[in-house]
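See structure below.
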Amino acid sequence: MRIKKLTREDAENFLQFLHVRFEKNISRHNGMHWENIRKKLENSPHSMWSLYQMEQTGGEPDVISYDPAKDEYLFMDCSPESPSGRRSLCYDQKALESRKANKPCGNAVDKASEMGIELLNEDQYRMLQVSGPFDLKTSSWIQTPDQIRSLGGALFCDFRYNTVFTYHNGADSYYAARGFRGSLKV
């Protein structure tokens, strides 16, 4: 399988762009140093490609946390609302196949996989809101436990009244105001 990566010039331009976002939003990553993050990204062309996909679909990825035990940075979509290029998707392929009419153009789980990222889980969504608020007008699909998914449901979150709300819906549903947020460990 061919590794997906950016051209050298695109990678350098994107690193500069991410650096500006990093400096502009320093409260999201107090104590972290850009040069360490840059080195990790330079050594991971596939991660750079995935972050670029996050950016291209409106996610505005940024560093949210660092795990020193694993020497791993966690990037998440930090767009104010659910990324505009990833909305109107049902939850997964099974849900897409179950729709008889008015099928959406795709599903969140496969789109995330194609981008090389993961849907946020509920804990990550709540962690993101510490540096937020996010999804004041939209909502985002999150990873759904098998026991819920096996019954046809899927979970999504939003932020209203200074509170994170986790809801359920049929996995085959889709809305113009619901997308998904992703994460990437580098």
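Naming works like this for the structure tokens: A, B, ... for the chains as they're shown, residue 1 at the start of each chain, ligands 1 onward in shown order.
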Sel. of helix (DSSP H, G or I) residues, segment 38-160 of chain A, as JSON, numbers by chain = {"A": [38, 39, 40, 41, 42, 45, 46, 47, 48, 49, 50, 51, 52, 53, 54, 55, 56, 84, 85, 86, 93, 94, 95, 96, 97, 98, 108, 109, 110, 111, 112, 113, 114, 115, 122, 123, 124, 125, 126, 127, 128, 129, 130, 146, 147, 148, 149]}
Within chain A, find each residue whose DSSP state, derived from the backbone, is strand (DSSP E or B), and express the selection as a ChimeraX atom specification.
-> /A:61-67,72-77,90,107,118-119,139-141,153-160,163-170,178-180,182-185
Determine, counting only C-alpha atoms, which protein, DNA and RNA residues have an atom within 12 Å of an atom of segment 9-23 of chain A; residues of the same chain fewer than 5 positions away are not included. Present the result as a ChimeraX atom specification.
-> /A:28-56,60-64,75,78-79
So how far away is atom CA of Gln143 of chain A from atom CA of Asp71 of chain A, in Å?
->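 Atom-to-atom, atom CA of Asp71 of chain A to atom CA of Gln143 of chain A, that is 24.2 Å.
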Have a look at atom CA of Glu72 of chain A and atom CA of Val186 of chain A and let me know their distance in Å, one decimal.
->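 Computing it gives 5.4 Å between the two atoms.
Between atom CA of Lys103 of chain A and atom CA of Trp141 of chain A the separation is 17.2 Å.
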Of the candidates A:Asn162, A:Ser183, A:Thr7, A:Asn169, which one gets nearest to Phe134 of chain A if we count only C-alpha atoms?
->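 Ranking A:Asn162, A:Ser183, A:Thr7, A:Asn169 by distance to Phe134 of chain A, first place goes to A:Asn162.
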Can you list every residue of segment 5-102 of chain A that has an atom at most 10 Å from segment 154-159 of chain A, with its nearest atom pair and the distance in Å to one decimal, using only C-alpha atoms, ordered by chain then number, as a Markdown table?
| residue | atom | partner | partner_atom | distance |
| --- | --- | --- | --- | --- |
| A:Glu81 | CA | A:Asp158 | CA | 9.4 |
| A:Ser82 | CA | A:Asp158 | CA | 9.1 |
| A:Cys90 | CA | A:Ala154 | CA | 9.3 |
| A:Tyr91 | CA | A:Ala154 | CA | 6.8 |
| A:Asp92 | CA | A:Ala154 | CA | 9.2 |
| A:Ala95 | CA | A:Ala154 | CA | 9.6 |
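Distances to Arg149 of chain A were evaluated for A:Pro133, A:Gly170, A:Pro104, A:Gly182 using only C-alpha atoms, and the minimum falls at A:Gly170.
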